[in-house]
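Notes for the one structure printed next.
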2 protein chains.
Amino acid sequence: MPRRAGKLDLTFQALADPTRRRMVERLSRGQASVSELARPYAMSLPAIVQHLAMLESSGLVSSEKVGRVRTFRMVPAALSLAEKWFDQRRAQWEQRLDRLGEHLKRFPDGEPE
Amino acid sequence: MPRRAGKLDLTFQALADPTRRRMVERLSRGQASVSELARPYAMSLPAIVQHLAMLESSGLVSSEKVGRVRTFRMVPAALSLAEKWFDQRRAQWEQRLDRLGEHLKRFPDGEPE
């Protein structure tokens, strides 16, 4: 699954920065223009645009330009892929706890080694 | 919440690499020694140790050395923090869809602007 692994690389890399996470938080409440996205930050426009480009190349957001205004949207599918990775880890972890629980029920006083 | 943001930075950065994700996958099935963790990879031991150090500094895993063997464990709390971030985004996204749905019910033919 190299393609999917690559996608998760980009997703997690995009989310490893607080500004980019806040941009995704903003977009999960609805679409926004570049200037709306830039407003909360004391940051140059090129820096904002670079963060947005990284989010877009990860697939977490998409954009559309109408006239002079570029509008960004969240792409929920990219978030789902990352969520799924966590769900799988949790499922494995819980299976492991279940097996430990079973083991403790069968050998409550410890198993002779 | 700068402290928590920093923690998520490290968590997502640690997960942005396929080798480190596979290590977490392995550890979510149970603890493992450095040599068990290294086995699937054609990679130098220092490279393996560096990946593990990055995972450990992110809080996703912890380790304990007994004699000459260092054993790694997953720390589920660090995964939970990241999962929570995704849950919050999903909740916001779904609230937004609900509001859109409400709006469409009230104005099925589109609202005059």
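By convention in this document, the chains of the structure tokens carry letters A, B, ... by their order, each chain's residues are numbered from 1, and ligands are numbered from 1 in the order they are shown.
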Over all C-alpha pairs taken in sequence order, what does chain B look like after a least-squares fit onto chain A? Please give it as a tab-separated table (two decimals) with N, CA, C and O atoms, in the first residue's frame.
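See selection_24.tsv below for the written result:
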```tsv
chain	number	residue	atom	x	y	z
B	1	MET	N	0.86	-1.21	0.04
B	1	MET	CA	0.04	0.02	0.04
B	1	MET	C	0.91	1.27	0.03
B	1	MET	O	0.75	2.15	0.86
B	2	PRO	N	1.87	1.38	-0.93
B	2	PRO	CA	2.74	2.55	-0.88
B	2	PRO	C	1.99	3.85	-1.15
B	2	PRO	O	2.29	4.88	-0.57
B	3	ARG	N	0.98	3.80	-2.03
B	3	ARG	CA	0.27	5.03	-2.39
B	3	ARG	C	-0.45	5.59	-1.17
B	3	ARG	O	-0.38	6.79	-0.88
B	4	ARG	N	-1.11	4.70	-0.42
B	4	ARG	CA	-1.85	5.12	0.75
B	4	ARG	C	-0.91	5.60	1.86
B	4	ARG	O	-1.18	6.56	2.54
B	5	ALA	N	0.23	4.87	2.00
B	5	ALA	CA	1.22	5.29	3.00
B	5	ALA	C	1.68	6.71	2.67
B	5	ALA	O	1.76	7.56	3.54
B	6	GLY	N	1.96	6.98	1.39
B	6	GLY	CA	2.37	8.31	0.99
B	6	GLY	C	1.33	9.36	1.35
B	6	GLY	O	1.68	10.44	1.81
B	7	LYS	N	0.06	9.01	1.17
B	7	LYS	CA	-1.01	9.95	1.48
B	7	LYS	C	-1.04	10.26	2.98
B	7	LYS	O	-1.18	11.41	3.38
B	8	LEU	N	-0.88	9.21	3.80
B	8	LEU	CA	-0.86	9.44	5.25
B	8	LEU	C	0.37	10.25	5.66
B	8	LEU	O	0.29	11.09	6.56
B	9	ASP	N	1.51	10.00	4.99
B	9	ASP	CA	2.71	10.82	5.26
B	9	ASP	C	2.36	12.29	5.12
B	9	ASP	O	2.66	13.11	6.00
B	10	LEU	N	1.75	12.63	3.98
B	10	LEU	CA	1.45	14.03	3.69
B	10	LEU	C	0.40	14.59	4.64
B	10	LEU	O	0.49	15.74	5.08
B	11	THR	N	-0.60	13.75	4.97
B	11	THR	CA	-1.66	14.20	5.88
B	11	THR	C	-1.08	14.54	7.24
B	11	THR	O	-1.31	15.63	7.78
B	12	PHE	N	-0.29	13.62	7.81
B	12	PHE	CA	0.24	13.84	9.15
B	12	PHE	C	1.27	14.98	9.14
B	12	PHE	O	1.34	15.76	10.09
B	13	GLN	N	2.04	15.08	8.05
B	13	GLN	CA	3.01	16.18	7.95
B	13	GLN	C	2.27	17.52	7.91
B	13	GLN	O	2.68	18.47	8.58
B	14	ALA	N	1.18	17.56	7.15
B	14	ALA	CA	0.40	18.80	7.07
B	14	ALA	C	-0.17	19.17	8.45
B	14	ALA	O	-0.25	20.35	8.80
B	15	LEU	N	-0.53	18.17	9.23
B	15	LEU	CA	-1.18	18.43	10.53
B	15	LEU	C	-0.17	18.65	11.66
B	15	LEU	O	-0.57	18.95	12.79
B	16	ALA	N	1.12	18.53	11.35
B	16	ALA	CA	2.14	18.68	12.40
B	16	ALA	C	2.49	20.13	12.68
B	16	ALA	O	3.50	20.42	13.32
B	17	ASP	N	1.66	21.04	12.21
B	17	ASP	CA	1.93	22.47	12.41
B	17	ASP	C	0.67	23.15	12.96
B	17	ASP	O	-0.42	22.96	12.40
B	18	PRO	N	0.80	23.94	14.04
B	18	PRO	CA	-0.40	24.51	14.68
B	18	PRO	C	-1.19	25.46	13.78
B	18	PRO	O	-2.43	25.48	13.84
B	19	THR	N	-0.48	26.23	12.92
B	19	THR	CA	-1.20	27.14	12.01
B	19	THR	C	-2.04	26.33	11.02
B	19	THR	O	-3.22	26.64	10.80
B	20	ARG	N	-1.44	25.29	10.47
B	20	ARG	CA	-2.19	24.49	9.49
B	20	ARG	C	-3.35	23.76	10.17
B	20	ARG	O	-4.43	23.63	9.59
B	21	ARG	N	-3.15	23.29	11.42
B	21	ARG	CA	-4.28	22.65	12.11
B	21	ARG	C	-5.41	23.65	12.33
B	21	ARG	O	-6.58	23.32	12.14
B	22	ARG	N	-5.04	24.88	12.72
B	22	ARG	CA	-6.11	25.88	12.92
B	22	ARG	C	-6.82	26.21	11.62
B	22	ARG	O	-8.03	26.46	11.62
B	23	MET	N	-6.10	26.18	10.51
B	23	MET	CA	-6.75	26.41	9.22
B	23	MET	C	-7.77	25.29	8.91
B	23	MET	O	-8.86	25.56	8.42
B	24	VAL	N	-7.37	24.05	9.19
B	24	VAL	CA	-8.31	22.94	8.98
B	24	VAL	C	-9.51	23.09	9.92
B	24	VAL	O	-10.66	22.85	9.53
B	25	GLU	N	-9.24	23.50	11.18
B	25	GLU	CA	-10.33	23.73	12.14
B	25	GLU	C	-11.30	24.78	11.58
B	25	GLU	O	-12.51	24.58	11.61
B	26	ARG	N	-10.75	25.87	11.06
B	26	ARG	CA	-11.58	26.93	10.47
B	26	ARG	C	-12.41	26.37	9.31
B	26	ARG	O	-13.62	26.63	9.22
B	27	LEU	N	-11.77	25.58	8.43
B	27	LEU	CA	-12.46	25.07	7.25
B	27	LEU	C	-13.45	23.97	7.59
B	27	LEU	O	-14.39	23.73	6.83
B	28	SER	N	-13.28	23.31	8.74
B	28	SER	CA	-14.27	22.29	9.11
B	28	SER	C	-15.57	22.97	9.56
B	28	SER	O	-16.60	22.31	9.70
B	29	ARG	N	-15.54	24.30	9.79
B	29	ARG	CA	-16.78	25.04	10.07
B	29	ARG	C	-17.37	25.67	8.82
B	29	ARG	O	-18.42	26.29	8.88
B	30	GLY	N	-16.68	25.52	7.67
B	30	GLY	CA	-17.21	26.07	6.42
B	30	GLY	C	-16.11	26.65	5.55
B	30	GLY	O	-15.02	26.93	6.05
B	31	GLN	N	-16.38	26.81	4.28
B	31	GLN	CA	-15.37	27.30	3.34
B	31	GLN	C	-14.93	28.73	3.68
B	31	GLN	O	-15.63	29.44	4.40
B	32	ALA	N	-13.76	29.12	3.19
B	32	ALA	CA	-13.24	30.45	3.50
B	32	ALA	C	-12.26	30.89	2.42
B	32	ALA	O	-11.58	30.05	1.80
B	33	SER	N	-12.17	32.19	2.21
B	33	SER	CA	-11.22	32.74	1.24
B	33	SER	C	-9.83	32.83	1.88
B	33	SER	O	-9.69	32.72	3.11
B	34	VAL	N	-8.83	33.06	1.06
B	34	VAL	CA	-7.46	33.19	1.57
B	34	VAL	C	-7.39	34.33	2.60
B	34	VAL	O	-6.78	34.17	3.66
B	35	SER	N	-8.04	35.45	2.31
B	35	SER	CA	-7.92	36.59	3.25
B	35	SER	C	-8.65	36.29	4.56
B	35	SER	O	-8.17	36.67	5.63
B	36	GLU	N	-9.77	35.56	4.51
B	36	GLU	CA	-10.43	35.14	5.76
B	36	GLU	C	-9.53	34.19	6.55
B	36	GLU	O	-9.44	34.27	7.79
B	37	LEU	N	-8.86	33.30	5.83
B	37	LEU	CA	-7.99	32.34	6.51
B	37	LEU	C	-6.76	33.03	7.10
B	37	LEU	O	-6.23	32.61	8.13
B	38	ALA	N	-6.30	34.10	6.43
B	38	ALA	CA	-5.09	34.80	6.88
B	38	ALA	C	-5.36	35.69	8.09
B	38	ALA	O	-4.45	35.93	8.90
B	39	ARG	N	-6.61	36.17	8.21
B	39	ARG	CA	-6.94	37.21	9.20
B	39	ARG	C	-6.41	36.95	10.61
B	39	ARG	O	-5.84	37.86	11.22
B	40	PRO	N	-6.57	35.73	11.20
B	40	PRO	CA	-6.14	35.58	12.60
B	40	PRO	C	-4.62	35.63	12.81
B	40	PRO	O	-4.18	35.64	13.96
B	41	TYR	N	-3.83	35.63	11.75
B	41	TYR	CA	-2.39	35.44	11.91
B	41	TYR	C	-1.60	36.69	11.60
B	41	TYR	O	-1.88	37.39	10.63
B	42	ALA	N	-0.59	36.96	12.41
B	42	ALA	CA	0.38	38.01	12.11
B	42	ALA	C	1.46	37.36	11.28
B	42	ALA	O	2.54	37.04	11.76
B	43	MET	N	1.15	37.14	10.01
B	43	MET	CA	2.02	36.33	9.16
B	43	MET	C	1.93	36.91	7.75
B	43	MET	O	0.86	37.39	7.35
B	44	SER	N	3.03	36.85	7.01
B	44	SER	CA	2.99	37.39	5.64
B	44	SER	C	2.05	36.56	4.77
B	44	SER	O	1.86	35.36	5.01
B	45	LEU	N	1.50	37.19	3.72
B	45	LEU	CA	0.61	36.45	2.83
B	45	LEU	C	1.34	35.27	2.17
B	45	LEU	O	0.76	34.18	2.10
B	46	PRO	N	2.61	35.44	1.73
B	46	PRO	CA	3.30	34.27	1.16
B	46	PRO	C	3.40	33.10	2.13
B	46	PRO	O	3.28	31.94	1.72
B	47	ALA	N	3.60	33.39	3.42
B	47	ALA	CA	3.67	32.30	4.40
B	47	ALA	C	2.32	31.60	4.51
B	47	ALA	O	2.25	30.36	4.57
B	48	ILE	N	1.24	32.40	4.54
B	48	ILE	CA	-0.12	31.83	4.58
B	48	ILE	C	-0.35	30.93	3.36
B	48	ILE	O	-0.84	29.80	3.48
B	49	VAL	N	0.02	31.48	2.18
B	49	VAL	CA	-0.21	30.76	0.92
B	49	VAL	C	0.58	29.45	0.91
B	49	VAL	O	0.09	28.42	0.43
B	50	GLN	N	1.77	29.48	1.51
B	50	GLN	CA	2.58	28.26	1.56
B	50	GLN	C	1.93	27.19	2.45
B	50	GLN	O	1.90	26.01	2.10
B	51	HIS	N	1.41	27.63	3.60
B	51	HIS	CA	0.68	26.68	4.47
B	51	HIS	C	-0.52	26.09	3.73
B	51	HIS	O	-0.76	24.89	3.78
B	52	LEU	N	-1.25	26.95	3.03
B	52	LEU	CA	-2.43	26.46	2.31
B	52	LEU	C	-2.04	25.51	1.18
B	52	LEU	O	-2.72	24.50	0.94
B	53	ALA	N	-0.91	25.81	0.51
B	53	ALA	CA	-0.43	24.93	-0.56
B	53	ALA	C	-0.09	23.55	0.00
B	53	ALA	O	-0.38	22.52	-0.61
B	54	MET	N	0.51	23.53	1.19
B	54	MET	CA	0.88	22.26	1.80
B	54	MET	C	-0.38	21.47	2.19
B	54	MET	O	-0.45	20.25	1.99
B	55	LEU	N	-1.37	22.18	2.72
B	55	LEU	CA	-2.64	21.52	3.06
B	55	LEU	C	-3.29	20.97	1.79
B	55	LEU	O	-3.84	19.86	1.78
B	56	GLU	N	-3.23	21.75	0.72
B	56	GLU	CA	-3.88	21.32	-0.52
B	56	GLU	C	-3.15	20.11	-1.12
B	56	GLU	O	-3.80	19.18	-1.58
B	57	SER	N	-1.81	20.11	-1.06
B	57	SER	CA	-1.09	18.98	-1.66
B	57	SER	C	-1.28	17.71	-0.83
B	57	SER	O	-1.15	16.60	-1.34
B	58	SER	N	-1.62	17.86	0.45
B	58	SER	CA	-1.92	16.69	1.28
B	58	SER	C	-3.31	16.13	1.00
B	58	SER	O	-3.64	15.03	1.43
B	59	GLY	N	-4.14	16.91	0.29
B	59	GLY	CA	-5.51	16.48	0.00
B	59	GLY	C	-6.51	16.83	1.09
B	59	GLY	O	-7.69	16.53	0.98
B	60	LEU	N	-6.04	17.44	2.19
B	60	LEU	CA	-6.95	17.78	3.30
B	60	LEU	C	-7.91	18.91	2.91
B	60	LEU	O	-9.00	19.01	3.48
B	61	VAL	N	-7.47	19.79	2.02
B	61	VAL	CA	-8.33	20.89	1.58
B	61	VAL	C	-8.24	20.99	0.05
B	61	VAL	O	-7.29	20.49	-0.56
B	62	SER	N	-9.25	21.60	-0.54
B	62	SER	CA	-9.19	21.90	-1.97
B	62	SER	C	-9.55	23.37	-2.14
B	62	SER	O	-10.10	24.00	-1.22
B	63	SER	N	-9.20	23.93	-3.29
B	63	SER	CA	-9.52	25.34	-3.51
B	63	SER	C	-10.06	25.55	-4.91
B	63	SER	O	-9.85	24.72	-5.81
B	64	GLU	N	-10.74	26.68	-5.07
B	64	GLU	CA	-11.34	27.04	-6.36
B	64	GLU	C	-11.20	28.55	-6.47
B	64	GLU	O	-11.45	29.27	-5.50
B	65	LYS	N	-10.78	29.02	-7.64
B	65	LYS	CA	-10.60	30.46	-7.83
B	65	LYS	C	-11.73	30.97	-8.71
B	65	LYS	O	-11.95	30.46	-9.81
B	66	VAL	N	-12.46	31.96	-8.22
B	66	VAL	CA	-13.51	32.60	-9.02
B	66	VAL	C	-13.17	34.08	-9.04
B	66	VAL	O	-13.12	34.73	-8.00
B	67	GLY	N	-12.92	34.59	-10.22
B	67	GLY	CA	-12.45	35.97	-10.34
B	67	GLY	C	-11.11	36.10	-9.64
B	67	GLY	O	-10.18	35.33	-9.92
B	68	ARG	N	-11.01	36.99	-8.67
B	68	ARG	CA	-9.74	37.17	-7.96
B	68	ARG	C	-9.74	36.49	-6.60
B	68	ARG	O	-8.80	36.63	-5.83
B	69	VAL	N	-10.84	35.78	-6.28
B	69	VAL	CA	-10.96	35.21	-4.93
B	69	VAL	C	-10.77	33.69	-4.97
B	69	VAL	O	-11.51	32.97	-5.68
B	70	ARG	N	-9.79	33.19	-4.22
B	70	ARG	CA	-9.60	31.75	-4.09
B	70	ARG	C	-10.25	31.29	-2.80
B	70	ARG	O	-9.96	31.82	-1.72
B	71	THR	N	-11.16	30.31	-2.91
B	71	THR	CA	-11.90	29.82	-1.76
B	71	THR	C	-11.46	28.40	-1.44
B	71	THR	O	-11.34	27.56	-2.33
B	72	PHE	N	-11.22	28.14	-0.14
B	72	PHE	CA	-10.77	26.83	0.31
B	72	PHE	C	-11.90	26.08	1.01
B	72	PHE	O	-12.76	26.69	1.66
B	73	ARG	N	-11.87	24.77	0.84
B	73	ARG	CA	-12.85	23.86	1.46
B	73	ARG	C	-12.09	22.69	2.10
B	73	ARG	O	-11.07	22.27	1.57
B	74	MET	N	-12.67	22.14	3.16
B	74	MET	CA	-12.11	20.92	3.72
B	74	MET	C	-12.53	19.73	2.84
B	74	MET	O	-13.62	19.74	2.27
B	75	VAL	N	-11.66	18.73	2.73
B	75	VAL	CA	-12.00	17.49	2.01
B	75	VAL	C	-12.10	16.38	3.06
B	75	VAL	O	-11.08	15.87	3.53
B	76	PRO	N	-13.34	16.02	3.47
B	76	PRO	CA	-13.46	15.09	4.61
B	76	PRO	C	-12.82	13.73	4.37
B	76	PRO	O	-12.40	13.08	5.33
B	77	ALA	N	-12.70	13.29	3.11
B	77	ALA	CA	-12.15	11.95	2.84
B	77	ALA	C	-10.72	11.82	3.36
B	77	ALA	O	-10.33	10.75	3.84
B	78	ALA	N	-9.93	12.90	3.25
B	78	ALA	CA	-8.53	12.83	3.72
B	78	ALA	C	-8.47	12.68	5.23
B	78	ALA	O	-7.65	11.93	5.77
B	79	LEU	N	-9.38	13.38	5.93
B	79	LEU	CA	-9.45	13.21	7.39
B	79	LEU	C	-9.86	11.78	7.73
B	79	LEU	O	-9.34	11.18	8.67
B	80	SER	N	-10.80	11.22	6.94
B	80	SER	CA	-11.29	9.86	7.23
B	80	SER	C	-10.17	8.85	7.16
B	80	SER	O	-10.12	7.91	7.96
B	81	LEU	N	-9.27	9.03	6.18
B	81	LEU	CA	-8.16	8.08	6.02
B	81	LEU	C	-7.30	8.06	7.29
B	81	LEU	O	-6.93	6.99	7.79
B	82	ALA	N	-7.01	9.25	7.82
B	82	ALA	CA	-6.20	9.33	9.04
B	82	ALA	C	-6.98	8.78	10.24
B	82	ALA	O	-6.42	8.03	11.05
B	83	GLU	N	-8.26	9.12	10.31
B	83	GLU	CA	-9.10	8.59	11.41
B	83	GLU	C	-9.10	7.07	11.40
B	83	GLU	O	-9.06	6.44	12.46
B	84	LYS	N	-9.16	6.51	10.18
B	84	LYS	CA	-9.21	5.05	10.04
B	84	LYS	C	-7.94	4.43	10.61
B	84	LYS	O	-7.98	3.38	11.25
B	85	TRP	N	-6.80	5.08	10.39
B	85	TRP	CA	-5.54	4.57	10.91
B	85	TRP	C	-5.62	4.49	12.45
B	85	TRP	O	-5.25	3.48	13.06
B	86	PHE	N	-6.17	5.55	13.08
B	86	PHE	CA	-6.30	5.55	14.54
B	86	PHE	C	-7.29	4.49	15.00
B	86	PHE	O	-7.06	3.81	16.01
B	87	ASP	N	-8.40	4.35	14.25
B	87	ASP	CA	-9.39	3.32	14.62
B	87	ASP	C	-8.75	1.93	14.62
B	87	ASP	O	-9.01	1.12	15.51
B	88	GLN	N	-7.92	1.68	13.59
B	88	GLN	CA	-7.28	0.36	13.50
B	88	GLN	C	-6.34	0.12	14.68
B	88	GLN	O	-6.30	-0.97	15.25
B	89	ARG	N	-5.59	1.17	15.05
B	89	ARG	CA	-4.67	1.02	16.19
B	89	ARG	C	-5.46	0.73	17.46
B	89	ARG	O	-5.09	-0.10	18.27
B	90	ARG	N	-6.55	1.51	17.64
B	90	ARG	CA	-7.37	1.32	18.84
B	90	ARG	C	-7.94	-0.10	18.88
B	90	ARG	O	-7.95	-0.75	19.92
B	91	ALA	N	-8.42	-0.58	17.71
B	91	ALA	CA	-8.99	-1.93	17.64
B	91	ALA	C	-7.94	-2.97	18.03
B	91	ALA	O	-8.22	-3.89	18.82
B	92	GLN	N	-6.73	-2.82	17.50
B	92	GLN	CA	-5.66	-3.77	17.84
B	92	GLN	C	-5.34	-3.73	19.32
B	92	GLN	O	-5.16	-4.75	19.98
B	93	TRP	N	-5.29	-2.50	19.85
B	93	TRP	CA	-4.97	-2.30	21.26
B	93	TRP	C	-6.03	-2.96	22.14
B	93	TRP	O	-5.72	-3.64	23.12
B	94	GLU	N	-7.30	-2.78	21.75
B	94	GLU	CA	-8.38	-3.34	22.57
B	94	GLU	C	-8.43	-4.86	22.47
B	94	GLU	O	-8.68	-5.54	23.47
B	95	GLN	N	-8.15	-5.39	21.26
B	95	GLN	CA	-8.04	-6.85	21.12
B	95	GLN	C	-6.98	-7.40	22.06
B	95	GLN	O	-7.16	-8.44	22.68
B	96	ARG	N	-5.90	-6.65	22.14
B	96	ARG	CA	-4.79	-7.09	22.99
B	96	ARG	C	-5.23	-7.12	24.45
B	96	ARG	O	-4.94	-8.05	25.19
B	97	LEU	N	-5.96	-6.06	24.87
B	97	LEU	CA	-6.45	-6.01	26.25
B	97	LEU	C	-7.42	-7.16	26.51
B	97	LEU	O	-7.40	-7.76	27.58
B	98	ASP	N	-8.29	-7.45	25.50
B	98	ASP	CA	-9.22	-8.57	25.66
B	98	ASP	C	-8.46	-9.88	25.87
B	98	ASP	O	-8.81	-10.68	26.74
B	99	ARG	N	-7.41	-10.08	25.06
B	99	ARG	CA	-6.63	-11.32	25.19
B	99	ARG	C	-5.97	-11.38	26.56
B	99	ARG	O	-5.96	-12.43	27.21
B	100	LEU	N	-5.45	-10.25	27.03
B	100	LEU	CA	-4.84	-10.21	28.37
B	100	LEU	C	-5.88	-10.55	29.43
B	100	LEU	O	-5.61	-11.30	30.37
B	101	GLY	N	-7.10	-9.99	29.26
B	101	GLY	CA	-8.18	-10.24	30.22
B	101	GLY	C	-8.55	-11.72	30.27
B	101	GLY	O	-8.68	-12.30	31.35
B	102	GLU	N	-8.65	-12.34	29.07
B	102	GLU	CA	-8.94	-13.77	28.97
B	102	GLU	C	-7.88	-14.59	29.70
B	102	GLU	O	-8.16	-15.52	30.44
B	103	HIS	N	-6.64	-14.18	29.43
B	103	HIS	CA	-5.50	-14.87	30.02
B	103	HIS	C	-5.57	-14.80	31.55
B	103	HIS	O	-5.38	-15.81	32.26
B	104	LEU	N	-5.88	-13.60	32.06
B	104	LEU	CA	-5.93	-13.42	33.52
B	104	LEU	C	-7.08	-14.21	34.13
B	104	LEU	O	-6.97	-14.70	35.26
B	105	LYS	N	-8.20	-14.37	33.36
B	105	LYS	CA	-9.32	-15.17	33.87
B	105	LYS	C	-8.92	-16.64	33.96
B	105	LYS	O	-9.27	-17.34	34.90
B	106	ARG	N	-8.17	-17.11	32.95
B	106	ARG	CA	-7.78	-18.52	32.93
B	106	ARG	C	-6.66	-18.82	33.92
B	106	ARG	O	-6.58	-19.93	34.46
B	107	PHE	N	-5.80	-17.85	34.14
B	107	PHE	CA	-4.66	-18.06	35.05
B	107	PHE	C	-4.63	-16.96	36.10
B	107	PHE	O	-3.71	-16.12	36.09
B	108	PRO	N	-5.64	-16.90	37.00
B	108	PRO	CA	-5.72	-15.77	37.93
B	108	PRO	C	-4.50	-15.65	38.84
B	108	PRO	O	-4.21	-14.56	39.32
B	109	ASP	N	-3.82	-16.73	39.09
B	109	ASP	CA	-2.68	-16.65	40.01
B	109	ASP	C	-1.34	-16.64	39.28
B	109	ASP	O	-0.29	-16.85	39.88
B	110	GLY	N	-1.44	-16.37	37.96
B	110	GLY	CA	-0.21	-16.33	37.18
B	110	GLY	C	0.09	-17.70	36.63
B	110	GLY	O	-0.19	-18.72	37.29
B	111	GLU	N	0.61	-17.72	35.44
B	111	GLU	CA	0.88	-18.98	34.76
B	111	GLU	C	2.29	-19.44	35.08
B	111	GLU	O	3.21	-18.64	35.06
B	112	PRO	N	2.47	-20.73	35.41
B	112	PRO	CA	3.84	-21.19	35.64
B	112	PRO	C	4.64	-21.08	34.35
B	112	PRO	O	4.18	-21.49	33.30
B	113	GLU	N	5.83	-20.53	34.41
B	113	GLU	CA	6.63	-20.30	33.19
B	113	GLU	C	7.47	-21.54	32.87
B	113	GLU	O	7.98	-22.18	33.76
```
- [ ] Run DSSP on the backbone of this structure and report the residues of stretch 24-53 of chain A it assigns to helix (DSSP H, G or I), as a ChimeraX atom specification.
- [x] /A:24-27,34-38,45-53
Filtered DSSP result for stretch 68-102 of chain A, state strand (DSSP E or B), as a list in words
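These are the residues in question: Val69, Arg70, Thr71, Phe72, Arg73 and Met74 of chain A.
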